[in-house]
Structure formats: structure tokens, C-alpha cells
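S.K.: Below is the file entry.txt, which contains compact mmCIF, C-alpha atoms and all ligand atoms.
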```txt
# COMPACT_ATOMS: atom_id res chain seq x y z
CA MET A 230 -7.68 -7.84 19.48
CA TYR A 231 -8.49 -9.10 16.04
CA VAL A 232 -5.18 -10.39 14.93
CA SER A 233 -5.80 -13.97 15.90
CA ALA A 234 -4.37 -15.51 12.76
CA LEU A 235 -0.75 -14.90 13.58
CA GLN A 236 0.67 -16.06 10.28
CA ARG A 237 -1.59 -14.05 8.05
CA ALA A 238 0.63 -11.49 6.41
CA ARG A 239 -2.20 -10.58 4.05
CA ASP A 240 -4.58 -9.72 6.88
CA PHE A 241 -1.94 -7.41 8.30
CA ALA A 242 -1.52 -5.78 4.88
CA VAL A 243 -5.29 -5.35 4.58
CA LEU A 244 -5.60 -3.86 8.05
CA LYS A 245 -2.85 -1.39 7.19
CA ALA A 246 -4.59 -0.48 3.95
CA LEU A 247 -7.66 0.26 6.09
CA GLY A 248 -5.64 2.69 8.17
CA SER A 249 -4.18 0.67 10.98
CA SER A 250 -0.64 1.69 11.92
CA SER A 251 2.28 -0.70 12.45
CA THR A 252 2.37 0.30 16.11
CA LEU A 253 -1.29 -0.56 16.58
CA LEU A 254 -0.87 -3.98 14.94
CA PHE A 255 2.30 -4.65 16.95
CA CYS A 256 0.49 -3.86 20.18
CA GLY A 257 -2.45 -6.02 19.12
CA VAL A 258 -0.32 -9.09 18.48
CA ALA A 259 1.80 -8.51 21.59
CA PHE A 260 -1.30 -8.07 23.74
CA GLN A 261 -2.72 -11.29 22.41
CA ALA A 262 0.51 -13.19 23.04
CA VAL A 263 0.59 -11.89 26.62
CA VAL A 264 -3.05 -12.79 27.28
CA VAL A 265 -2.61 -16.30 25.90
CA THR A 266 0.57 -17.02 27.86
CA LEU A 267 -0.77 -15.50 31.06
CA ALA A 268 -3.85 -17.68 30.75
CA ALA A 269 -1.55 -20.68 30.30
CA ALA A 270 0.45 -19.66 33.37
CA ALA A 271 -2.73 -19.27 35.43
CA LEU A 272 -3.85 -22.70 34.32
CA ALA A 273 -0.49 -24.17 35.29
CA VAL A 274 -0.69 -22.62 38.76
CA GLY A 275 -4.23 -23.95 39.18
CA VAL A 276 -3.24 -27.45 38.14
CA ALA A 277 -0.22 -27.40 40.45
CA ARG A 278 -2.41 -26.38 43.39
CA ILE A 279 -4.90 -29.15 42.71
CA LEU A 280 -2.30 -31.81 42.15
CA LYS A 281 -0.14 -30.97 45.16
CA PRO A 282 -2.36 -32.55 47.83
CA VAL A 283 -3.26 -35.44 45.54
CA LEU A 284 0.28 -36.52 44.80
CA THR A 285 1.84 -38.72 47.45
CA LEU A 286 5.30 -37.56 46.52
CA PRO A 287 6.47 -34.64 48.55
CA VAL A 288 6.41 -31.79 46.06
CA ALA A 289 7.75 -28.48 47.21
CA ILE A 290 6.68 -25.47 45.16
CA PRO A 291 8.53 -22.40 46.31
CA MET A 292 6.55 -19.12 46.29
CA SER A 293 9.10 -17.63 43.94
CA ALA A 294 8.05 -20.13 41.26
CA TYR A 295 4.52 -18.74 41.30
CA LEU A 296 5.90 -15.24 40.84
CA LEU A 297 8.45 -16.14 38.22
CA LEU A 298 6.04 -18.16 36.09
CA PRO A 299 3.95 -15.30 34.70
CA VAL A 300 7.05 -13.24 34.01
CA THR A 301 8.84 -15.98 32.11
CA SER A 302 5.71 -16.95 30.24
CA VAL A 303 5.11 -13.39 29.06
CA VAL A 304 8.69 -13.22 27.83
CA MET A 305 8.35 -16.62 26.14
CA GLY A 306 5.05 -15.59 24.59
CA LEU A 307 6.53 -12.44 23.08
CA LEU A 308 9.53 -14.37 21.77
CA ALA A 309 7.30 -17.06 20.31
CA SER A 310 5.17 -14.50 18.52
CA GLY A 311 8.26 -12.74 17.18
CA VAL A 312 7.52 -13.89 13.64
CA ALA A 313 3.97 -12.58 13.79
CA LEU A 314 5.19 -9.34 15.36
CA SER A 315 7.74 -8.71 12.66
CA ARG A 316 5.16 -9.56 9.97
CA ALA A 317 2.71 -7.13 11.51
CA VAL A 318 5.29 -4.37 11.37
CA SER A 319 6.72 -5.12 7.93
CA ALA A 320 3.47 -5.94 6.07
CA ASP A 321 3.28 -3.83 2.91
CA PRO A 322 -0.22 -2.38 2.54
CA ALA A 323 0.17 -2.22 -1.26
CA SER A 324 0.42 -6.02 -1.30
CA ALA A 325 -3.22 -6.14 -0.20
CA PHE A 326 -4.17 -5.36 -3.79
CA ALA A 327 -2.40 -8.42 -5.13
CA ALA A 328 -4.79 -11.15 -6.23
CA ILE A 329 -4.71 -14.40 -4.28
CA MET B 168 -16.93 19.72 -2.93
CA SER B 169 -13.87 17.53 -2.92
CA GLN B 170 -11.47 17.34 -5.78
CA LEU B 171 -8.83 14.77 -6.67
CA ALA B 172 -5.92 15.89 -8.81
CA VAL B 173 -3.26 13.54 -10.11
CA SER B 174 -0.43 15.28 -11.90
CA ASP B 175 2.49 13.84 -13.83
CA LEU B 176 2.43 10.69 -11.77
CA THR B 177 5.24 8.28 -12.53
CA VAL B 178 5.97 4.97 -10.80
CA GLU B 179 9.06 2.89 -11.44
CA PHE B 180 9.92 -0.53 -10.11
CA ARG B 181 13.34 -2.05 -10.18
CA SER B 182 13.04 -5.70 -11.06
CA GLY B 183 15.92 -7.95 -12.03
CA GLY B 184 18.17 -5.20 -13.35
CA TYR B 185 15.41 -3.61 -15.44
CA ILE B 186 13.36 -0.57 -14.60
CA VAL B 187 9.65 -1.09 -15.19
CA ARG B 188 7.58 2.07 -15.47
CA PRO B 189 3.93 1.01 -15.32
CA VAL B 190 2.67 4.53 -14.65
CA ASN B 191 4.24 7.18 -16.85
CA GLN B 192 3.32 10.84 -16.37
CA VAL B 193 -0.33 10.26 -15.75
CA SER B 194 -2.52 13.29 -15.06
CA PHE B 195 -6.24 13.57 -14.49
CA ALA B 196 -8.73 15.20 -12.17
CA ALA B 197 -11.96 13.96 -10.65
CA SER B 198 -14.54 15.80 -8.63
CA ASP B 199 -17.08 15.12 -5.98
CA GLY B 200 -19.93 12.83 -7.02
CA GLU B 201 -18.13 11.38 -10.02
CA PHE B 202 -17.92 7.71 -10.93
CA VAL B 203 -14.56 7.26 -12.66
CA ALA B 204 -13.47 4.15 -14.55
CA VAL B 205 -9.73 3.51 -14.83
CA LEU B 206 -9.44 1.37 -17.91
CA GLY B 207 -6.64 -0.50 -19.61
CA PRO B 208 -5.24 -3.92 -20.45
CA SER B 209 -3.57 -6.13 -17.88
CA GLY B 210 -0.23 -4.84 -16.66
CA CYS B 211 -0.77 -1.24 -17.72
CA GLY B 212 -0.58 0.09 -14.16
CA LYS B 213 -4.18 0.36 -12.93
CA THR B 214 -3.48 -1.27 -9.57
CA THR B 215 -0.29 0.76 -9.20
CA LEU B 216 -2.19 4.01 -9.86
CA LEU B 217 -4.91 3.14 -7.32
CA SER B 218 -2.30 2.13 -4.73
CA CYS B 219 -0.75 5.57 -5.01
CA ILE B 220 -4.12 7.32 -4.70
CA ALA B 221 -4.94 5.24 -1.61
CA ALA B 222 -1.49 6.13 -0.16
CA LEU B 223 -0.45 2.48 -0.07
CA MET B 224 2.52 3.19 -2.30
CA THR B 225 4.73 6.23 -2.87
CA PRO B 226 5.21 7.21 -6.53
CA THR B 227 8.63 7.84 -8.02
CA ALA B 228 7.57 11.28 -9.26
CA GLY B 229 4.52 13.45 -9.56
CA CYS B 230 1.85 14.58 -7.18
CA ILE B 231 -1.57 13.55 -5.94
CA ARG B 232 -3.79 16.04 -4.17
CA PHE B 233 -7.09 15.42 -2.50
CA ASP B 234 -8.58 18.78 -1.59
CA ALA B 235 -5.94 20.52 0.49
CA THR B 236 -4.03 17.32 1.27
CA GLU B 237 -0.92 16.50 -0.69
CA VAL B 238 -1.32 12.72 -0.54
CA THR B 239 2.11 11.98 -1.96
CA ALA B 240 3.75 13.96 0.86
CA LEU B 241 1.96 12.22 3.74
CA ALA B 242 3.98 10.15 6.17
CA GLY B 243 3.52 8.27 9.42
CA ARG B 244 0.42 9.07 11.40
CA ALA B 245 -0.99 11.49 8.82
CA ARG B 246 -0.73 8.77 6.18
CA ALA B 247 -2.55 6.24 8.38
CA GLN B 248 -5.22 8.84 9.11
CA TYR B 249 -5.68 9.53 5.39
CA ARG B 250 -6.05 5.79 4.67
CA ARG B 251 -8.49 5.44 7.51
CA HIS B 252 -10.74 8.46 7.05
CA THR B 253 -10.36 9.73 3.51
CA VAL B 254 -10.15 6.56 1.39
CA GLY B 255 -12.20 3.39 1.40
CA VAL B 256 -10.55 0.51 -0.48
CA VAL B 257 -12.28 -2.41 -2.16
CA PHE B 258 -10.15 -5.28 -3.41
CA GLN B 259 -10.51 -7.69 -6.29
CA ALA B 260 -10.19 -10.70 -3.98
CA PHE B 261 -12.48 -9.16 -1.30
CA ASN B 262 -9.75 -9.60 1.36
CA LEU B 263 -12.05 -10.16 4.30
CA ILE B 264 -10.51 -11.62 7.43
CA PRO B 265 -11.58 -15.27 7.26
CA SER B 266 -11.79 -15.87 11.01
CA LEU B 267 -14.22 -13.00 11.58
CA THR B 268 -17.94 -12.87 10.78
CA ALA B 269 -19.37 -10.37 8.31
CA ASN B 270 -20.19 -8.13 11.26
CA GLY B 271 -16.72 -8.64 12.76
CA ASN B 272 -15.08 -7.64 9.50
CA VAL B 273 -16.98 -4.36 9.43
CA VAL B 274 -16.39 -3.77 13.15
CA ALA B 275 -12.60 -4.34 12.86
CA PRO B 276 -11.63 -0.99 11.32
CA LEU B 277 -13.97 0.78 13.76
CA HIS B 278 -12.21 -0.86 16.71
CA LEU B 279 -8.84 0.04 15.27
CA ALA B 280 -10.07 3.63 15.22
CA GLY B 281 -11.06 3.42 18.88
CA VAL B 282 -14.85 3.39 18.42
CA PRO B 283 -16.50 1.80 21.48
CA ARG B 284 -17.73 -1.76 21.06
CA ARG B 285 -21.46 -1.07 21.23
CA ALA B 286 -21.36 1.89 18.84
CA ALA B 287 -19.17 -0.10 16.42
CA ALA B 288 -21.56 -3.06 16.39
CA GLN B 289 -24.49 -0.71 15.81
CA ARG B 290 -22.71 1.04 12.94
CA ALA B 291 -21.71 -2.30 11.40
CA SER B 292 -25.29 -3.56 11.35
CA GLU B 293 -26.49 -0.32 9.74
CA LEU B 294 -23.86 -0.69 7.02
CA LEU B 295 -24.61 -4.36 6.43
CA GLU B 296 -28.26 -3.44 6.07
CA ARG B 297 -27.32 -0.74 3.58
CA VAL B 298 -25.61 -3.34 1.36
CA GLY B 299 -28.52 -5.76 1.81
CA LEU B 300 -26.81 -8.25 4.10
CA ALA B 301 -28.55 -7.71 7.43
CA ASP B 302 -29.44 -11.42 7.59
CA ARG B 303 -25.86 -12.58 6.97
CA ALA B 304 -24.13 -10.62 9.73
CA ARG B 305 -23.12 -13.74 11.67
CA HIS B 306 -21.76 -15.65 8.67
CA ARG B 307 -18.06 -16.02 8.04
CA PRO B 308 -16.56 -15.17 4.63
CA GLY B 309 -16.29 -18.90 3.80
CA GLN B 310 -20.07 -19.22 4.13
CA LEU B 311 -20.81 -16.27 1.82
CA SER B 312 -20.89 -16.06 -1.97
CA GLY B 313 -18.37 -13.89 -3.80
CA GLY B 314 -20.93 -11.15 -4.33
CA GLN B 315 -21.92 -11.21 -0.67
CA GLN B 316 -18.26 -11.06 0.41
CA GLN B 317 -17.71 -8.08 -1.84
CA ARG B 318 -20.76 -6.38 -0.30
CA VAL B 319 -19.28 -6.92 3.17
CA ALA B 320 -16.05 -5.41 1.84
CA LEU B 321 -18.05 -2.41 0.58
CA ALA B 322 -19.66 -1.99 4.00
CA ARG B 323 -16.18 -2.17 5.55
CA ALA B 324 -14.87 0.48 3.15
CA LEU B 325 -17.71 2.78 4.21
CA VAL B 326 -17.22 2.66 7.98
CA HIS B 327 -15.79 6.17 8.19
CA GLU B 328 -17.93 7.56 5.32
CA PRO B 329 -14.83 8.35 3.25
CA PRO B 330 -15.16 10.98 0.50
CA LEU B 331 -13.13 8.73 -1.84
CA ILE B 332 -13.75 5.06 -2.70
CA VAL B 333 -11.05 3.19 -4.60
CA ALA B 334 -11.97 -0.22 -6.04
CA ASP B 335 -9.52 -2.45 -7.91
CA GLU B 336 -11.37 -4.76 -10.31
CA PRO B 337 -14.15 -5.29 -7.78
CA THR B 338 -16.14 -7.47 -10.17
CA ALA B 339 -13.38 -9.68 -11.56
CA TYR B 340 -14.21 -12.70 -9.40
CA LEU B 341 -17.99 -12.41 -9.62
CA ASP B 342 -20.59 -13.97 -11.86
CA HIS B 343 -23.00 -11.99 -14.01
CA THR B 344 -25.82 -11.20 -11.54
CA GLN B 345 -23.39 -10.44 -8.73
CA VAL B 346 -21.53 -8.00 -10.99
CA GLU B 347 -24.73 -6.03 -11.53
CA GLU B 348 -25.42 -5.85 -7.78
CA ILE B 349 -21.95 -4.61 -6.92
CA LEU B 350 -21.91 -2.10 -9.77
CA GLN B 351 -25.28 -0.69 -8.74
CA LEU B 352 -24.04 -0.29 -5.18
CA LEU B 353 -20.76 1.32 -6.26
CA HIS B 354 -22.53 3.60 -8.71
CA GLY B 355 -24.98 4.64 -6.01
CA LEU B 356 -22.06 5.61 -3.78
CA ALA B 357 -20.89 8.21 -6.30
CA ALA B 358 -23.15 10.91 -4.90
CA PRO B 359 -22.54 14.38 -3.48
CA GLY B 360 -19.92 14.03 -0.77
CA ARG B 361 -18.14 11.12 -2.39
CA MET B 362 -16.33 10.08 -5.57
CA VAL B 363 -15.69 6.52 -6.72
CA LEU B 364 -12.70 5.27 -8.74
CA VAL B 365 -12.92 1.79 -10.25
CA ALA B 366 -10.09 0.02 -12.09
CA THR B 367 -11.49 -2.46 -14.56
CA HIS B 368 -11.43 -4.21 -17.94
CA ASP B 369 -15.20 -4.54 -17.85
CA ASP B 370 -17.30 -2.35 -20.20
CA ARG B 371 -20.28 -2.68 -17.90
CA VAL B 372 -18.31 -0.36 -15.58
CA THR B 373 -17.33 1.99 -18.37
CA ARG B 374 -20.97 2.44 -19.42
CA LEU B 375 -21.85 3.76 -15.96
CA ALA B 376 -18.83 6.04 -15.74
CA ASP B 377 -18.93 9.83 -15.70
CA GLN B 378 -15.29 9.82 -16.71
CA VAL B 379 -13.00 7.21 -18.24
CA VAL B 380 -9.28 7.39 -17.55
CA GLU B 381 -7.64 5.07 -20.01
CA LEU B 382 -4.12 3.83 -19.39
CA VAL B 383 -2.66 2.67 -22.67
CA PRO B 384 0.72 1.05 -23.16
CA ARG B 385 2.78 3.53 -25.17
CA ARG B 386 3.57 1.31 -28.13
CA THR B 387 -0.07 0.55 -28.95
CA ALA B 388 -1.42 3.99 -28.13
CA SER B 389 -1.35 5.51 -31.60
CA GLY B 390 -3.12 2.55 -33.16
CA ARG B 391 -5.99 2.48 -30.68
CA GLU B 392 -7.03 6.07 -30.18
CA PRO B 393 -10.72 6.59 -30.74
CA GLU B 394 -11.57 9.81 -32.58
CA GLY B 395 -11.87 12.94 -30.48
CA VAL B 396 -9.72 11.63 -27.65
CA VAL B 397 -6.46 13.40 -26.99
CA PRO B 398 -3.60 11.22 -25.85
CA ALA B 399 -1.57 12.80 -23.06
CA ASP B 400 1.55 10.68 -23.17
CA ASP B 401 0.50 7.27 -21.88
CA LEU B 402 -2.91 8.48 -20.94
CA VAL B 403 -6.07 8.99 -22.89
CA VAL B 404 -8.74 10.86 -21.04
CA GLY B 405 -12.32 10.93 -22.18
CA ARG B 406 -15.43 12.40 -20.62
CA ARG B 407 -18.66 10.46 -20.39
CA ASP B 408 -20.15 11.59 -23.72
CA MET B 409 -16.89 10.95 -25.50
CA ALA B 410 -16.48 7.50 -24.03
CA ARG B 411 -20.03 6.66 -25.02
CA SER B 412 -19.65 7.83 -28.58
CA SER B 413 -16.32 6.11 -29.05
CA LEU B 414 -17.74 2.87 -27.66
CA LEU B 415 -20.68 3.20 -30.01
CA LYS B 416 -18.35 3.79 -32.93
CA GLU B 417 -16.36 0.72 -32.03
CA LYS B 418 -19.55 -1.29 -31.82
CA THR B 419 -20.86 -0.12 -35.19
CA ARG B 420 -17.50 -0.88 -36.75
CA LEU B 421 -17.71 -4.45 -35.46
N1 LIG A 501 6.14 -4.45 -6.62
C1 LIG A 501 6.43 -4.53 -7.93
N2 LIG A 501 7.70 -4.78 -8.32
C2 LIG A 501 8.01 -4.84 -9.64
N3 LIG A 501 7.13 -4.71 -10.63
C3 LIG A 501 5.85 -4.47 -10.31
C4 LIG A 501 5.42 -4.38 -8.94
N4 LIG A 501 4.09 -4.15 -8.92
C5 LIG A 501 3.71 -4.11 -10.21
N5 LIG A 501 4.76 -4.30 -11.06
C6 LIG A 501 4.70 -4.29 -12.53
O1 LIG A 501 4.07 -3.09 -12.93
C7 LIG A 501 3.21 -3.33 -14.03
C8 LIG A 501 1.82 -2.82 -13.73
O2 LIG A 501 1.22 -3.59 -12.71
P1 LIG A 501 -0.26 -3.33 -12.20
O3 LIG A 501 -0.55 -4.39 -11.22
O4 LIG A 501 -0.40 -1.93 -11.76
O5 LIG A 501 -1.11 -3.54 -13.54
P2 LIG A 501 -2.70 -3.66 -13.70
O6 LIG A 501 -3.08 -2.67 -14.73
O7 LIG A 501 -3.35 -3.54 -12.39
O8 LIG A 501 -2.86 -5.11 -14.27
P3 LIG A 501 -4.06 -6.16 -14.05
O9 LIG A 501 -5.16 -5.72 -14.96
O10 LIG A 501 -3.47 -7.45 -14.49
O11 LIG A 501 -4.43 -6.13 -12.60
C9 LIG A 501 3.27 -4.81 -14.31
O12 LIG A 501 4.13 -5.00 -15.41
C10 LIG A 501 3.84 -5.40 -13.07
O13 LIG A 501 4.61 -6.53 -13.38
MG MG A 502 -4.48 -4.85 -11.20
```
Starting from the file, lay out its structure as C-alpha cells.

M.R.:
Amino acid sequence: MYVSALQRARDFAVLKALGSSSTLLFCGVAFQAVVVTLAAAALAVGVARILKPVLTLPVAIPMSAYLLLPVTSVVMGLLASGVALSRAVSADPASAFAAI
Amino acid sequence: MSQLAVSDLTVEFRSGGYIVRPVNQVSFAASDGEFVAVLGPSGCGKTTLLSCIAALMTPTAGCIRFDATEVTALAGRARAQYRRHTVGVVFQAFNLIPSLTANGNVVAPLHLAGVPRRAAAQRASELLERVGLADRARHRPGQLSGGQQQRVALARALVHEPPLIVADEPTAYLDHTQVEEILQLLHGLAAPGRMVLVATHDDRVTRLADQVVELVPRRTASGREPEGVVPADDLVVGRRDMARSSLLKEKTRL
């Protein structure tokens, strides 16, 4: 989705003035947060797999960790984008007319 | 043939214990194909009036109708649909999304409306060509001049071919030659199937207008009325010929 600039209240206001609903913007930001954090989780799993045989220390990674990671990261991602989410919902489309 | 009717529109803001009433019982009508200038000094409520017409703000009293739609009564999904399909907005400060290219900015509202990627990109390039920017499609707003950014904004406003274009001081941040370009484009859009409303202080806009809706602060109204124009409370409405003659009179007086 297009809402890559999470802090841009004005962009949200403009998108609403162009006919985007709060729900649509909320989903856009949430989707983005989930994609970004899932990508991070996937990267972490990949790195762990590569490093495990390389490290001489005995590192035990339980299977449950691999399962839990994406879940926690999605939750963290949504929490972290809470500010952007609330801005997306509360942006006042009339403020788009205000000069910069 | 679409018709816009604004009747007895009043907007009040509460600010710091006072009630400000920038729009006071304004009424006017505009029809399909018209180029309407909304004129008045700073702070007289032009932006507020346009915000109500674009359904970005709900007035305190009064009614706006566009054809069979009572704009002031729209809520929720119907309101979003009206903003998306019936009105195209153009802002003074262009308000493009800085991280997207010219093409991306025009594609964005199409995507939000669920138009498939390929069709949206195709439509965006047609529109950019229509505003003379086919060769700038991959540039970001920061790499474009003010006039070019405003042309992208015009293309974006046109994505759903809305029957109503609302522009708030679209030329305020532009230099002389760019003003002409944008005005020609906007004026060309006022054709059968579409009407264009422009808020402005600029007489270059007024000269092109089929109708001038003048918002005048109440206290100065009586002193400033040109002959032949009837004040309706805060509002002075003049048709094209009237506006022309009164402008001419003012000029000869000077
Ligand atoms: N959200 C708001 N809260 C309180 N007052 C407001 C608000 N928006 C506008 N006003 C006031 O309403 C009046 C009209 O504002 P508006 O922006 O519509 O004027 P304008 O004609 O567009 O002026 P300009 O030519 O400077 O753009 C101003 O006095 C302004 O301070
Ligand atoms: Mg204004």
C-alpha cells in the first residue's frame, strides 16, 4: 500500500479528501506494518539457521521459537505503528486545504 | 446536466470562547459546464465554503445539493463515495505525496478505488499526457516545478472524471507563466459534463469566469458593492457580464 510515510498526517488527510475511507487507510497501514515485521522475522529465522552450524557454542533453538516469532513480531509491528494507525483514522480531510 | 445548489449555508467555528462565522447564509447555484470564481479577501470563508461543497466539512446550517444528492446529509460510505467519484479537489499547496512519482500520485486514488494495477497505470499515463506531463511521469514532486506539481494534482483530481472540480487558490504558489497554464487547463475542464469552482483573489481567474460568487465581510459590504449587483446578506452574486462591467467600471475609475 501507499502509506509508506507513517508520520504524514497530511497525506492521510489528502487521501481522505480524495475519497479514501478511514477503514481503508487503517488496513493499508496495518498491512504494511505486518509485511515489514514478517519480513524482519523471516530474516531473523534465516540468520539463525545460517549461524547455528557456524557457532561453536551449542545453541538450541526450539521449534516453538520459530512459530512464536512471526506471531509476536506481527503484534509488535501493529503496536509500533499504533501512532500511524490512529493518525490514519483521525486525519481530518478538511485539514488538507490548509496551506503548508 | 448537473446542477449545484447551495442554500443558506452557514458555518460556525468555536475558537477560544468566541464563535466565528466565516460563512453566513450563503446561497448560489451553478450548472454544468460553468467556470465559477469564488472571490473574496483573506479570511472571508472561501476555503470553508469549498470544504463543505467537497464534503470535507459539515456546515452548521443550510444545505448543499448536487443533482439528486443532498451533500450535507451524506455520511460514512456514501460520503467517501461522493468525495471519490463526484468531486475532484485541487489544493493551493498541491498536496502530492512526496514519496511517490507523478505517475504514482495519479495511480494512488485509482488503487484506493480498487482499479487493477495495469489499468490504473494506463489511465494515469493518459491523464498525465492530457496535462502535458507525459515525460515527467517518473519524477517525484521534489523534482517538479510548482506548475508541474499542480498539473499532476489536476490529473489526480480527474481520475474518476468527476462532474465537479473544486480548486482552492490553485495559482497562489505559482509564477506568472505557470498561472496561465493552470488557468487554461482548469478553464478547459469547464465543459459539458463538468463544472469548475475556483476560490481565488486573482482577477485573472475572475476574467475567465462564467459566474462570480463574491464573499464579502458584512461590515465592508455596503461600501464595496459595484452597481447592479444585489447583496444577499454576506454574499454578492454577479453573472459574467455583470462581473465584467463592474470590473471595467472599477478600472476606469482608477
Ligand atoms: N477549523 C477552524 N477553527 C476555527 N476557525 C476557523 C477554522 N477554519 C477556519 N476558521 C476561521 O474561519 C475564517 C475563514 O477561513 P477560510 O480559511 O475559509 O478563509 P479564506 O477565505 O479561505 O481565506 P484565505 O484567502 O486566507 O485562504 C477565518 O477567520 C478562519 O480563522
Ligand atoms: Mg483559503

S.K.: Could you check how far CA of Arg323 (chain B) sits from CA of Glu293 (chain B), in Å to one decimal?

M.R.: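 Distance reported for this atom pair: 11.3 Å.
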
S.K.: Taking all atoms listed in the file into account, which residues have an atom no farther than 8 Å from ligand MG 502 (chain A)? I'd like them as a ChimeraX atom specification.

M.R.: /A:326-327 /B:209-210,212-215,335-336,366

S.K.: Counting only C-alpha atoms and all ligand atoms, name the residues that have an atom within 10 Å of an atom of ligand LIG 501 (chain A); the answer should be given as a ChimeraX atom specification.

M.R.: /A:321,323-324,326-328 /B:178-183,185-190,205-218,224,259,335-336,339,366-368,382-384

S.K.: Just to be explicit: take each residue in the selection above, keep C-alpha atoms, and write the result as a PDB file, keeping the file's coordinate frame.

M.R.:
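The result, stored in selection.pdb:
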```pdb
ATOM      1  CA  ASP A 321       3.280  -3.830   2.910  1.00  0.00           C
ATOM      2  CA  ALA A 323       0.170  -2.220  -1.260  1.00  0.00           C
ATOM      3  CA  SER A 324       0.420  -6.020  -1.300  1.00  0.00           C
ATOM      4  CA  PHE A 326      -4.170  -5.360  -3.790  1.00  0.00           C
ATOM      5  CA  ALA A 327      -2.400  -8.420  -5.130  1.00  0.00           C
ATOM      6  CA  ALA A 328      -4.790 -11.150  -6.230  1.00  0.00           C
TER       7      ALA A 328
ATOM      8  CA  VAL B 178       5.970   4.970 -10.800  1.00  0.00           C
ATOM      9  CA  GLU B 179       9.060   2.890 -11.440  1.00  0.00           C
ATOM     10  CA  PHE B 180       9.920  -0.530 -10.110  1.00  0.00           C
ATOM     11  CA  ARG B 181      13.340  -2.050 -10.180  1.00  0.00           C
ATOM     12  CA  SER B 182      13.040  -5.700 -11.060  1.00  0.00           C
ATOM     13  CA  GLY B 183      15.920  -7.950 -12.030  1.00  0.00           C
ATOM     14  CA  TYR B 185      15.410  -3.610 -15.440  1.00  0.00           C
ATOM     15  CA  ILE B 186      13.360  -0.570 -14.600  1.00  0.00           C
ATOM     16  CA  VAL B 187       9.650  -1.090 -15.190  1.00  0.00           C
ATOM     17  CA  ARG B 188       7.580   2.070 -15.470  1.00  0.00           C
ATOM     18  CA  PRO B 189       3.930   1.010 -15.320  1.00  0.00           C
ATOM     19  CA  VAL B 190       2.670   4.530 -14.650  1.00  0.00           C
ATOM     20  CA  VAL B 205      -9.730   3.510 -14.830  1.00  0.00           C
ATOM     21  CA  LEU B 206      -9.440   1.370 -17.910  1.00  0.00           C
ATOM     22  CA  GLY B 207      -6.640  -0.500 -19.610  1.00  0.00           C
ATOM     23  CA  PRO B 208      -5.240  -3.920 -20.450  1.00  0.00           C
ATOM     24  CA  SER B 209      -3.570  -6.130 -17.880  1.00  0.00           C
ATOM     25  CA  GLY B 210      -0.230  -4.840 -16.660  1.00  0.00           C
ATOM     26  CA  CYS B 211      -0.770  -1.240 -17.720  1.00  0.00           C
ATOM     27  CA  GLY B 212      -0.580   0.090 -14.160  1.00  0.00           C
ATOM     28  CA  LYS B 213      -4.180   0.360 -12.930  1.00  0.00           C
ATOM     29  CA  THR B 214      -3.480  -1.270  -9.570  1.00  0.00           C
ATOM     30  CA  THR B 215      -0.290   0.760  -9.200  1.00  0.00           C
ATOM     31  CA  LEU B 216      -2.190   4.010  -9.860  1.00  0.00           C
ATOM     32  CA  LEU B 217      -4.910   3.140  -7.320  1.00  0.00           C
ATOM     33  CA  SER B 218      -2.300   2.130  -4.730  1.00  0.00           C
ATOM     34  CA  MET B 224       2.520   3.190  -2.300  1.00  0.00           C
ATOM     35  CA  GLN B 259     -10.510  -7.690  -6.290  1.00  0.00           C
ATOM     36  CA  ASP B 335      -9.520  -2.450  -7.910  1.00  0.00           C
ATOM     37  CA  GLU B 336     -11.370  -4.760 -10.310  1.00  0.00           C
ATOM     38  CA  ALA B 339     -13.380  -9.680 -11.560  1.00  0.00           C
ATOM     39  CA  ALA B 366     -10.090   0.020 -12.090  1.00  0.00           C
ATOM     40  CA  THR B 367     -11.490  -2.460 -14.560  1.00  0.00           C
ATOM     41  CA  HIS B 368     -11.430  -4.210 -17.940  1.00  0.00           C
ATOM     42  CA  LEU B 382      -4.120   3.830 -19.390  1.00  0.00           C
ATOM     43  CA  VAL B 383      -2.660   2.670 -22.670  1.00  0.00           C
ATOM     44  CA  PRO B 384       0.720   1.050 -23.160  1.00  0.00           C
TER      45      PRO B 384
END
```

S.K.: So that I can check the surroundings of region 268-283 of chain A, please list as a PDB file with C-alpha atoms, in the frame of the given file every protein, DNA and RNA residue that reaches within 6 Å of it, counting only C-alpha atoms and ignoring chain neighbours fewer than 2 positions away.

M.R.:
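Below you can see out.pdb, which holds the result:
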```
ATOM      1  CA  VAL A 265      -2.610 -16.300  25.900  1.00  0.00           C
ATOM      2  CA  THR A 266       0.570 -17.020  27.860  1.00  0.00           C
ATOM      3  CA  PRO A 299       3.950 -15.300  34.700  1.00  0.00           C
TER       4      PRO A 299
END
```

S.K.: Could you tell me how far CA of Ala172 (chain B) sits from CA of Phe195 (chain B), in Å to one decimal place?

M.R.: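 Taking CA of Phe195 (chain B) and CA of Ala172 (chain B), their separation equals 6.1 Å.
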
S.K.: Please check which residues have atoms at most 12 Å from (-15.5, 5.2, 6.8) in the file's coordinates, counting only C-alpha atoms, and write them as a ChimeraX atom specification.

M.R.: /A:247-248 /B:248-256,273-277,279-280,282,287,290-291,294,320-332,361

S.K.: From the set A:Ala262, A:Leu253, A:Ala317, A:Ala289, which residue has the shortest atom-to-atom contact distance to chain B, counting only C-alpha atoms?

M.R.: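 Between A:Ala262, A:Leu253, A:Ala317, A:Ala289, the residue approaching chain B most closely is A:Leu253.
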
S.K.: Which value, in Å to one decimal, gives the distance between CA of Pro337 (chain B) and CA of Val243 (chain A)?

M.R.: 15.2 Å

S.K.: If we count all atoms listed in the file and set the cut-off at 12 Å, which residues sit around Ser312 (chain B), ignoring sequence neighbours fewer than 2 positions away in its own chain? Please answer as a PyMOL selection string.

M.R.: chain B and resi 261+269+300+303+306-310+314-319+340-342+344-345

S.K.: Considering only C-alpha atoms, can you say which of B:Ile264, B:Ala228, B:Ala235, B:Ile220 comes closest to chain A?

M.R.: B:Ile264

S.K.: Between A:Leu254, A:Ala246, A:Ala238, A:Ala259, single out the one closest to Gly306 (chain A), counting all atoms listed in the file.

M.R.: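 The shortest atom-to-atom distance to Gly306 (chain A) comes from A:Ala259.
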
S.K.: Would you please work out which residue, of A:Val318, A:Leu296, A:Leu307, A:Ala325, is nearest to chain B when using all atoms listed in the file?

M.R.: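 Answer, going by the shortest atom-to-atom distance: A:Ala325.
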
S.K.: Using all atoms listed in the file, which of the listed residues (B:Met168, B:Val173, B:Leu223, B:Ala196) sits closest to chain A?

M.R.: B:Leu223
